[in-house]
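What's in entry-v8.pdb: PDB, C-alpha atoms, pLDDT in the B column
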```pdb
ATOM      1  CA  MET A   1       0.000   0.000   0.000  1.00 50.00           C
ATOM      2  CA  SER A   2       1.290   3.448  -0.870  1.00 68.00           C
ATOM      3  CA  SER A   3       1.786   6.163   1.680  1.00 86.00           C
ATOM      4  CA  SER A   4      -0.038   9.456   1.336  1.00 95.00           C
ATOM      5  CA  ILE A   5       3.305  11.057   0.459  1.00 97.00           C
ATOM      6  CA  GLU A   6       3.797   8.555  -2.359  1.00 96.00           C
ATOM      7  CA  GLU A   7       0.267   9.276  -3.552  1.00 97.00           C
ATOM      8  CA  ARG A   8       1.170  12.975  -3.558  1.00 97.00           C
ATOM      9  CA  ILE A   9       4.245  12.219  -5.670  1.00 98.00           C
ATOM     10  CA  GLU A  10       2.006  10.416  -8.162  1.00 97.00           C
ATOM     11  CA  GLU A  11      -0.465  13.344  -8.154  1.00 97.00           C
ATOM     12  CA  LEU A  12       2.464  15.550  -9.180  1.00 97.00           C
ATOM     13  CA  GLY A  13       2.932  13.297 -12.212  1.00 97.00           C
ATOM     14  CA  LEU A  14       6.133  11.798 -10.843  1.00 97.00           C
ATOM     15  CA  THR A  15       7.301   8.299 -10.072  1.00 96.00           C
ATOM     16  CA  LEU A  16       9.565   7.611  -7.130  1.00 96.00           C
ATOM     17  CA  PRO A  17      12.654   6.095  -8.753  1.00 97.00           C
ATOM     18  CA  GLU A  18      14.772   3.204  -7.599  1.00 95.00           C
ATOM     19  CA  VAL A  19      17.677   4.362  -5.453  1.00 96.00           C
ATOM     20  CA  ALA A  20      20.616   5.260  -7.668  1.00 88.00           C
ATOM     21  CA  ALA A  21      23.597   2.960  -7.262  1.00 85.00           C
ATOM     22  CA  PRO A  22      26.561   4.701  -5.639  1.00 88.00           C
ATOM     23  CA  VAL A  23      29.275   5.824  -8.053  1.00 82.00           C
ATOM     24  CA  ALA A  24      32.019   5.231  -5.444  1.00 89.00           C
ATOM     25  CA  ALA A  25      32.508   3.728  -1.957  1.00 93.00           C
ATOM     26  CA  TYR A  26      29.570   5.127   0.037  1.00 95.00           C
ATOM     27  CA  ALA A  27      25.930   4.424   0.906  1.00 96.00           C
ATOM     28  CA  PRO A  28      23.070   6.386  -0.726  1.00 97.00           C
ATOM     29  CA  ALA A  29      21.778   7.289   2.762  1.00 98.00           C
ATOM     30  CA  ALA A  30      22.464   6.578   6.412  1.00 98.00           C
ATOM     31  CA  VAL A  31      20.360   6.758   9.572  1.00 98.00           C
ATOM     32  CA  SER A  32      21.571   8.191  12.862  1.00 98.00           C
ATOM     33  CA  GLY A  33      18.988   8.413  15.612  1.00 98.00           C
ATOM     34  CA  LYS A  34      15.862   9.908  14.062  1.00 98.00           C
ATOM     35  CA  TYR A  35      17.705  11.506  11.142  1.00 98.00           C
ATOM     36  CA  VAL A  36      18.335  10.300   7.608  1.00 98.00           C
ATOM     37  CA  TYR A  37      21.338  11.824   5.887  1.00 98.00           C
ATOM     38  CA  THR A  38      21.471  11.290   2.161  1.00 98.00           C
ATOM     39  CA  ALA A  39      24.611  11.228   0.129  1.00 98.00           C
ATOM     40  CA  GLY A  40      24.745  13.809  -2.613  1.00 97.00           C
ATOM     41  CA  GLN A  41      22.252  12.696  -5.240  1.00 98.00           C
ATOM     42  CA  LEU A  42      22.793  13.376  -8.920  1.00 98.00           C
ATOM     43  CA  PRO A  43      19.884  13.817 -11.355  1.00 98.00           C
ATOM     44  CA  PHE A  44      20.032  10.261 -12.710  1.00 97.00           C
ATOM     45  CA  ILE A  45      17.128   9.053 -14.814  1.00 97.00           C
ATOM     46  CA  ASP A  46      17.244   5.316 -15.488  1.00 94.00           C
ATOM     47  CA  GLY A  47      20.914   5.231 -14.500  1.00 93.00           C
ATOM     48  CA  ALA A  48      22.065   8.033 -16.796  1.00 96.00           C
ATOM     49  CA  LEU A  49      22.627  11.761 -16.462  1.00 97.00           C
ATOM     50  CA  PRO A  50      20.214  13.596 -18.786  1.00 97.00           C
ATOM     51  CA  ALA A  51      22.601  16.558 -19.095  1.00 97.00           C
ATOM     52  CA  LYS A  52      26.229  17.254 -18.291  1.00 98.00           C
ATOM     53  CA  GLY A  53      28.342  20.338 -17.859  1.00 98.00           C
ATOM     54  CA  VAL A  54      28.445  23.628 -16.014  1.00 98.00           C
ATOM     55  CA  VAL A  55      25.491  25.916 -15.491  1.00 98.00           C
ATOM     56  CA  SER A  56      25.800  29.120 -17.476  1.00 98.00           C
ATOM     57  CA  GLU A  57      23.686  31.981 -18.773  1.00 95.00           C
ATOM     58  CA  THR A  58      25.502  31.692 -22.110  1.00 93.00           C
ATOM     59  CA  GLU A  59      25.058  28.863 -24.576  1.00 88.00           C
ATOM     60  CA  GLY A  60      27.964  26.677 -25.451  1.00 87.00           C
ATOM     61  CA  GLU A  61      29.386  23.204 -25.438  1.00 89.00           C
ATOM     62  CA  ASN A  62      29.306  21.665 -21.960  1.00 93.00           C
ATOM     63  CA  HIS A  63      26.875  24.398 -20.777  1.00 97.00           C
ATOM     64  CA  VAL A  64      23.497  23.789 -19.149  1.00 98.00           C
ATOM     65  CA  SER A  65      20.921  26.566 -18.875  1.00 98.00           C
ATOM     66  CA  PRO A  66      19.793  27.678 -15.420  1.00 98.00           C
ATOM     67  CA  GLU A  67      16.235  26.600 -16.276  1.00 98.00           C
ATOM     68  CA  ARG A  68      17.353  23.085 -17.217  1.00 98.00           C
ATOM     69  CA  ALA A  69      19.597  22.915 -14.148  1.00 98.00           C
ATOM     70  CA  LYS A  70      16.598  23.838 -11.958  1.00 98.00           C
ATOM     71  CA  GLU A  71      14.714  20.850 -13.412  1.00 98.00           C
ATOM     72  CA  LEU A  72      17.727  18.642 -12.751  1.00 98.00           C
ATOM     73  CA  ALA A  73      17.910  19.885  -9.142  1.00 98.00           C
ATOM     74  CA  ALA A  74      14.295  18.773  -8.702  1.00 98.00           C
ATOM     75  CA  ARG A  75      15.211  15.351 -10.091  1.00 98.00           C
ATOM     76  CA  SER A  76      18.166  15.137  -7.712  1.00 98.00           C
ATOM     77  CA  ALA A  77      15.804  15.915  -4.820  1.00 98.00           C
ATOM     78  CA  LEU A  78      13.394  13.203  -5.983  1.00 98.00           C
ATOM     79  CA  ASN A  79      16.297  10.758  -6.062  1.00 98.00           C
ATOM     80  CA  ALA A  80      17.194  11.837  -2.515  1.00 98.00           C
ATOM     81  CA  VAL A  81      13.600  11.197  -1.399  1.00 98.00           C
ATOM     82  CA  ALA A  82      13.929   7.683  -2.838  1.00 98.00           C
ATOM     83  CA  ALA A  83      17.098   7.193  -0.771  1.00 98.00           C
ATOM     84  CA  VAL A  84      15.203   8.348   2.337  1.00 98.00           C
ATOM     85  CA  LYS A  85      12.394   5.896   1.627  1.00 98.00           C
ATOM     86  CA  ALA A  86      14.885   3.050   1.285  1.00 98.00           C
ATOM     87  CA  GLN A  87      16.003   3.779   4.855  1.00 98.00           C
ATOM     88  CA  ILE A  88      12.653   4.337   6.607  1.00 98.00           C
ATOM     89  CA  GLU A  89      10.320   2.371   4.267  1.00 97.00           C
ATOM     90  CA  ASP A  90       7.343   4.737   4.660  1.00 97.00           C
ATOM     91  CA  LEU A  91       7.617   8.388   3.609  1.00 98.00           C
ATOM     92  CA  ASP A  92       4.680   9.231   5.883  1.00 98.00           C
ATOM     93  CA  ARG A  93       7.206   8.839   8.717  1.00 98.00           C
ATOM     94  CA  VAL A  94       8.986  12.026   7.586  1.00 98.00           C
ATOM     95  CA  VAL A  95       8.483  14.670  10.249  1.00 98.00           C
ATOM     96  CA  ARG A  96      10.463  17.360   8.464  1.00 98.00           C
ATOM     97  CA  VAL A  97      13.028  18.006   5.793  1.00 98.00           C
ATOM     98  CA  VAL A  98      15.533  19.833   7.975  1.00 98.00           C
ATOM     99  CA  LYS A  99      18.305  20.792   5.565  1.00 98.00           C
ATOM    100  CA  VAL A 100      19.022  20.801   1.851  1.00 98.00           C
ATOM    101  CA  THR A 101      22.495  21.310   0.491  1.00 98.00           C
ATOM    102  CA  GLY A 102      22.671  21.910  -3.225  1.00 98.00           C
ATOM    103  CA  PHE A 103      25.787  22.081  -5.346  1.00 98.00           C
ATOM    104  CA  VAL A 104      25.802  23.718  -8.768  1.00 98.00           C
ATOM    105  CA  ALA A 105      28.655  23.193 -11.217  1.00 98.00           C
ATOM    106  CA  SER A 106      28.966  26.808 -12.281  1.00 98.00           C
ATOM    107  CA  ALA A 107      30.627  28.715 -15.072  1.00 97.00           C
ATOM    108  CA  SER A 108      32.974  31.326 -13.623  1.00 96.00           C
ATOM    109  CA  ASP A 109      30.473  34.104 -14.357  1.00 96.00           C
ATOM    110  CA  PHE A 110      27.334  32.310 -13.090  1.00 97.00           C
ATOM    111  CA  TYR A 111      25.909  33.546  -9.785  1.00 98.00           C
ATOM    112  CA  GLY A 112      22.376  32.123  -9.831  1.00 98.00           C
ATOM    113  CA  GLN A 113      22.937  29.049  -7.663  1.00 98.00           C
ATOM    114  CA  PRO A 114      19.967  29.805  -5.344  1.00 98.00           C
ATOM    115  CA  GLY A 115      17.578  29.897  -8.308  1.00 98.00           C
ATOM    116  CA  VAL A 116      18.841  26.549  -9.546  1.00 98.00           C
ATOM    117  CA  ILE A 117      18.467  24.853  -6.150  1.00 98.00           C
ATOM    118  CA  ASP A 118      14.957  26.319  -5.898  1.00 98.00           C
ATOM    119  CA  GLY A 119      14.041  23.381  -8.140  1.00 98.00           C
ATOM    120  CA  ALA A 120      14.826  21.007  -5.281  1.00 98.00           C
ATOM    121  CA  SER A 121      13.243  23.203  -2.612  1.00 98.00           C
ATOM    122  CA  THR A 122      10.030  23.707  -4.553  1.00 98.00           C
ATOM    123  CA  LEU A 123       9.658  19.994  -5.253  1.00 98.00           C
ATOM    124  CA  LEU A 124      10.189  19.108  -1.583  1.00 98.00           C
ATOM    125  CA  GLY A 125       7.519  21.652  -0.617  1.00 98.00           C
ATOM    126  CA  ASP A 126       5.170  20.218  -3.225  1.00 98.00           C
ATOM    127  CA  ILE A 127       5.731  16.693  -1.898  1.00 98.00           C
ATOM    128  CA  PHE A 128       5.806  17.265   1.860  1.00 98.00           C
ATOM    129  CA  GLY A 129       3.905  20.540   2.295  1.00 98.00           C
ATOM    130  CA  GLU A 130       4.872  22.331   5.533  1.00 98.00           C
ATOM    131  CA  LYS A 131       7.108  19.388   6.451  1.00 98.00           C
ATOM    132  CA  GLY A 132       9.158  20.186   3.352  1.00 98.00           C
ATOM    133  CA  LYS A 133      10.211  23.677   4.478  1.00 97.00           C
ATOM    134  CA  HIS A 134      13.908  23.561   5.251  1.00 98.00           C
ATOM    135  CA  ALA A 135      17.149  25.401   5.830  1.00 98.00           C
ATOM    136  CA  ARG A 136      19.343  25.402   2.738  1.00 98.00           C
ATOM    137  CA  SER A 137      22.731  26.062   1.226  1.00 98.00           C
ATOM    138  CA  ALA A 138      23.243  26.596  -2.510  1.00 98.00           C
ATOM    139  CA  VAL A 139      26.912  26.310  -3.370  1.00 98.00           C
ATOM    140  CA  GLY A 140      28.682  26.985  -6.655  1.00 98.00           C
ATOM    141  CA  VAL A 141      31.536  24.628  -7.520  1.00 98.00           C
ATOM    142  CA  SER A 142      33.783  24.193 -10.536  1.00 97.00           C
ATOM    143  CA  VAL A 143      32.930  20.538 -11.203  1.00 97.00           C
ATOM    144  CA  LEU A 144      30.764  17.740  -9.820  1.00 98.00           C
ATOM    145  CA  PRO A 145      31.033  13.951 -10.118  1.00 96.00           C
ATOM    146  CA  LEU A 146      30.513  12.560 -13.625  1.00 97.00           C
ATOM    147  CA  ASN A 147      30.274  16.139 -14.932  1.00 98.00           C
ATOM    148  CA  SER A 148      26.797  16.511 -13.403  1.00 98.00           C
ATOM    149  CA  PRO A 149      25.443  20.074 -13.370  1.00 98.00           C
ATOM    150  CA  VAL A 150      23.842  19.654  -9.919  1.00 98.00           C
ATOM    151  CA  GLU A 151      23.962  17.535  -6.779  1.00 98.00           C
ATOM    152  CA  VAL A 152      21.524  17.628  -3.844  1.00 98.00           C
ATOM    153  CA  GLU A 153      21.672  16.126  -0.370  1.00 98.00           C
ATOM    154  CA  LEU A 154      19.061  16.067   2.382  1.00 98.00           C
ATOM    155  CA  ILE A 155      18.836  15.773   6.126  1.00 98.00           C
ATOM    156  CA  VAL A 156      15.413  14.496   7.184  1.00 98.00           C
ATOM    157  CA  VAL A 157      13.975  13.815  10.635  1.00 98.00           C
ATOM    158  CA  PHE A 158      11.504  10.929  10.915  1.00 98.00           C
ATOM    159  CA  SER A 159       9.318   9.277  13.542  1.00 97.00           C
TER     160      SER A 159
END
```

Please rewrite the model in this file as structure tokens.
Amino acid sequence: MSSSIEERIEELGLTLPEVAAPVAAYAPAAVSGKYVYTAGQLPFIDGALPAKGVVSETEGENHVSPERAKELAARSALNAVAAVKAQIEDLDRVVRVVKVTGFVASASDFYGQPGVIDGASTLLGDIFGEKGKHARSAVGVSVLPLNSPVEVELIVVFS
């Protein structure tokens, strides 16, 4: 039987994916006490990155638009929610999304990291409602694993 949170995900036209396999020596998520800490989640769809490169306002090879990167941040957040579910089995047990950390592979002249990570924040609010409101960091970096444009990690408290 699906949880009400999973039903909400379906209402949003989304499907909770399988947990992405780690790309190195780590676990997708870990539990400590009543907290789930996810590893940084990339925007994998069916095991592949749908876009690669740095986020930039200008077009070019290896460049991803801020709008596309925002969509990819939402996908990364959905993948993180899947990692949370794998740890606690029922997403209705989520009490609150406490913290989101988002990383944006950024061109040297790109300063819109908060707008990109809004994709993750908005999706978490859409899924969890008030429980999805969180503290957040949006960090620009020169490169991310596998040349991903974004990476998102969560800290979630559960009952």

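CA of Asp126 (chain A) is positioned 24.5 Å from CA of Val64 (chain A).
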
Query - Distance of CA of Asn79 (chain A) from CA of Ala120 (chain A), expressed in Å to one decimal place - result: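 We find that CA of Ala120 (chain A) and CA of Asn79 (chain A) lie 10.4 Å from each other.
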
The PyMOL selection byres ((chain A and resi 152) around 12) on the file shown: which residues, as a PDB file with C-alpha atoms, in the frame of the given file?
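Dumped to expr_9.pdb:
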```
ATOM      1  CA  PRO A  28      23.070   6.386  -0.726  1.00 97.00           C
ATOM      2  CA  TYR A  37      21.338  11.824   5.887  1.00 98.00           C
ATOM      3  CA  THR A  38      21.471  11.290   2.161  1.00 98.00           C
ATOM      4  CA  ALA A  39      24.611  11.228   0.129  1.00 98.00           C
ATOM      5  CA  GLY A  40      24.745  13.809  -2.613  1.00 97.00           C
ATOM      6  CA  GLN A  41      22.252  12.696  -5.240  1.00 98.00           C
ATOM      7  CA  LEU A  42      22.793  13.376  -8.920  1.00 98.00           C
ATOM      8  CA  PRO A  43      19.884  13.817 -11.355  1.00 98.00           C
ATOM      9  CA  PHE A  44      20.032  10.261 -12.710  1.00 97.00           C
ATOM     10  CA  ALA A  69      19.597  22.915 -14.148  1.00 98.00           C
ATOM     11  CA  LYS A  70      16.598  23.838 -11.958  1.00 98.00           C
ATOM     12  CA  LEU A  72      17.727  18.642 -12.751  1.00 98.00           C
ATOM     13  CA  ALA A  73      17.910  19.885  -9.142  1.00 98.00           C
ATOM     14  CA  ALA A  74      14.295  18.773  -8.702  1.00 98.00           C
ATOM     15  CA  ARG A  75      15.211  15.351 -10.091  1.00 98.00           C
ATOM     16  CA  SER A  76      18.166  15.137  -7.712  1.00 98.00           C
ATOM     17  CA  ALA A  77      15.804  15.915  -4.820  1.00 98.00           C
ATOM     18  CA  LEU A  78      13.394  13.203  -5.983  1.00 98.00           C
ATOM     19  CA  ASN A  79      16.297  10.758  -6.062  1.00 98.00           C
ATOM     20  CA  ALA A  80      17.194  11.837  -2.515  1.00 98.00           C
ATOM     21  CA  VAL A  81      13.600  11.197  -1.399  1.00 98.00           C
ATOM     22  CA  ALA A  83      17.098   7.193  -0.771  1.00 98.00           C
ATOM     23  CA  LYS A  99      18.305  20.792   5.565  1.00 98.00           C
ATOM     24  CA  VAL A 100      19.022  20.801   1.851  1.00 98.00           C
ATOM     25  CA  THR A 101      22.495  21.310   0.491  1.00 98.00           C
ATOM     26  CA  GLY A 102      22.671  21.910  -3.225  1.00 98.00           C
ATOM     27  CA  PHE A 103      25.787  22.081  -5.346  1.00 98.00           C
ATOM     28  CA  VAL A 104      25.802  23.718  -8.768  1.00 98.00           C
ATOM     29  CA  ALA A 105      28.655  23.193 -11.217  1.00 98.00           C
ATOM     30  CA  VAL A 116      18.841  26.549  -9.546  1.00 98.00           C
ATOM     31  CA  ILE A 117      18.467  24.853  -6.150  1.00 98.00           C
ATOM     32  CA  ASP A 118      14.957  26.319  -5.898  1.00 98.00           C
ATOM     33  CA  GLY A 119      14.041  23.381  -8.140  1.00 98.00           C
ATOM     34  CA  ALA A 120      14.826  21.007  -5.281  1.00 98.00           C
ATOM     35  CA  SER A 121      13.243  23.203  -2.612  1.00 98.00           C
ATOM     36  CA  LEU A 124      10.189  19.108  -1.583  1.00 98.00           C
ATOM     37  CA  ARG A 136      19.343  25.402   2.738  1.00 98.00           C
ATOM     38  CA  SER A 137      22.731  26.062   1.226  1.00 98.00           C
ATOM     39  CA  ALA A 138      23.243  26.596  -2.510  1.00 98.00           C
ATOM     40  CA  VAL A 139      26.912  26.310  -3.370  1.00 98.00           C
ATOM     41  CA  LEU A 144      30.764  17.740  -9.820  1.00 98.00           C
ATOM     42  CA  PRO A 145      31.033  13.951 -10.118  1.00 96.00           C
ATOM     43  CA  SER A 148      26.797  16.511 -13.403  1.00 98.00           C
ATOM     44  CA  PRO A 149      25.443  20.074 -13.370  1.00 98.00           C
ATOM     45  CA  VAL A 150      23.842  19.654  -9.919  1.00 98.00           C
ATOM     46  CA  GLU A 151      23.962  17.535  -6.779  1.00 98.00           C
ATOM     47  CA  GLU A 153      21.672  16.126  -0.370  1.00 98.00           C
ATOM     48  CA  LEU A 154      19.061  16.067   2.382  1.00 98.00           C
ATOM     49  CA  ILE A 155      18.836  15.773   6.126  1.00 98.00           C
TER      50      ILE A 155
END
```

Query raised in the report: Restricting the calculation to only C-alpha atoms, which member of A:Val141, A:Leu123, A:Ile9, A:Ile88 is positioned closest to Ser32 (chain A)?
Result: A:Ile88

**Report entry** For Ala82 (chain A): contacts at 7 Å, all atoms listed in the file, fewer than 2 positions along chain excluded, given as a ChimeraX atom specification
**Finding:** /A:16-19,78-80,84-86

Query - Residue IDs satisfying the PyMOL selection byres ((chain A and resi 131) around 7), as a ChimeraX atom specification - result: /A:95-97,128-130,132-133

Requested in this report: Work out how far CA of Ile45 (chain A) is from CA of Leu91 (chain A), in Å to one decimal.
Outcome: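 Distance reported for this atom pair: 20.7 Å.
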
**Report entry** 6 Å contact set for Phe158 (chain A), all atoms listed in the file, chain neighbours under 2 positions out, as a list of chain:residue names
**Finding:** A:Lys34, A:Arg93, A:Val94, A:Val95

Might I get the box with edges along x, y and z of the file that holds all atoms of region 138-141 of chain A listed there, padded by 6 Å on every side, given as centre and edge lengths in Å to one decimal, as lines of an AutoDock Vina configuration file?
```
center_x = 27.4
center_y = 25.8
center_z = -5.0
size_x = 20.3
size_y = 14.4
size_z = 17.0
```

Query raised in the report: What residues come out when you apply the PyMOL selection byres ((chain A and resi 53) around 6) to this file, written as a count of residues only?
Result: 6

Report task. Using all atoms listed in the file, pick whichever of A:Phe110, A:Gly60, A:Ile127, A:Gln87 has the shortest atom-to-atom distance to Ala29 (chain A). Result ->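 Residue with the minimum atom-to-atom distance to Ala29 (chain A): A:Gln87.
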
**Report entry** Using all atoms listed in the file: which of A:Ala135, A:Val55, A:Val143, A:Val98 has the shortest distance to Gly115 (chain A)
**Finding:**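 Closest residue, counting all atoms listed in the file: A:Val55.
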
Query raised in the report: If we count only C-alpha atoms, what is near Ser3 (chain A) at a cut-off of 8 Å, once residues fewer than 4 positions away on the same chain are taken out, given as a PyMOL selection string?
Result: chain A and resi 7+90-92
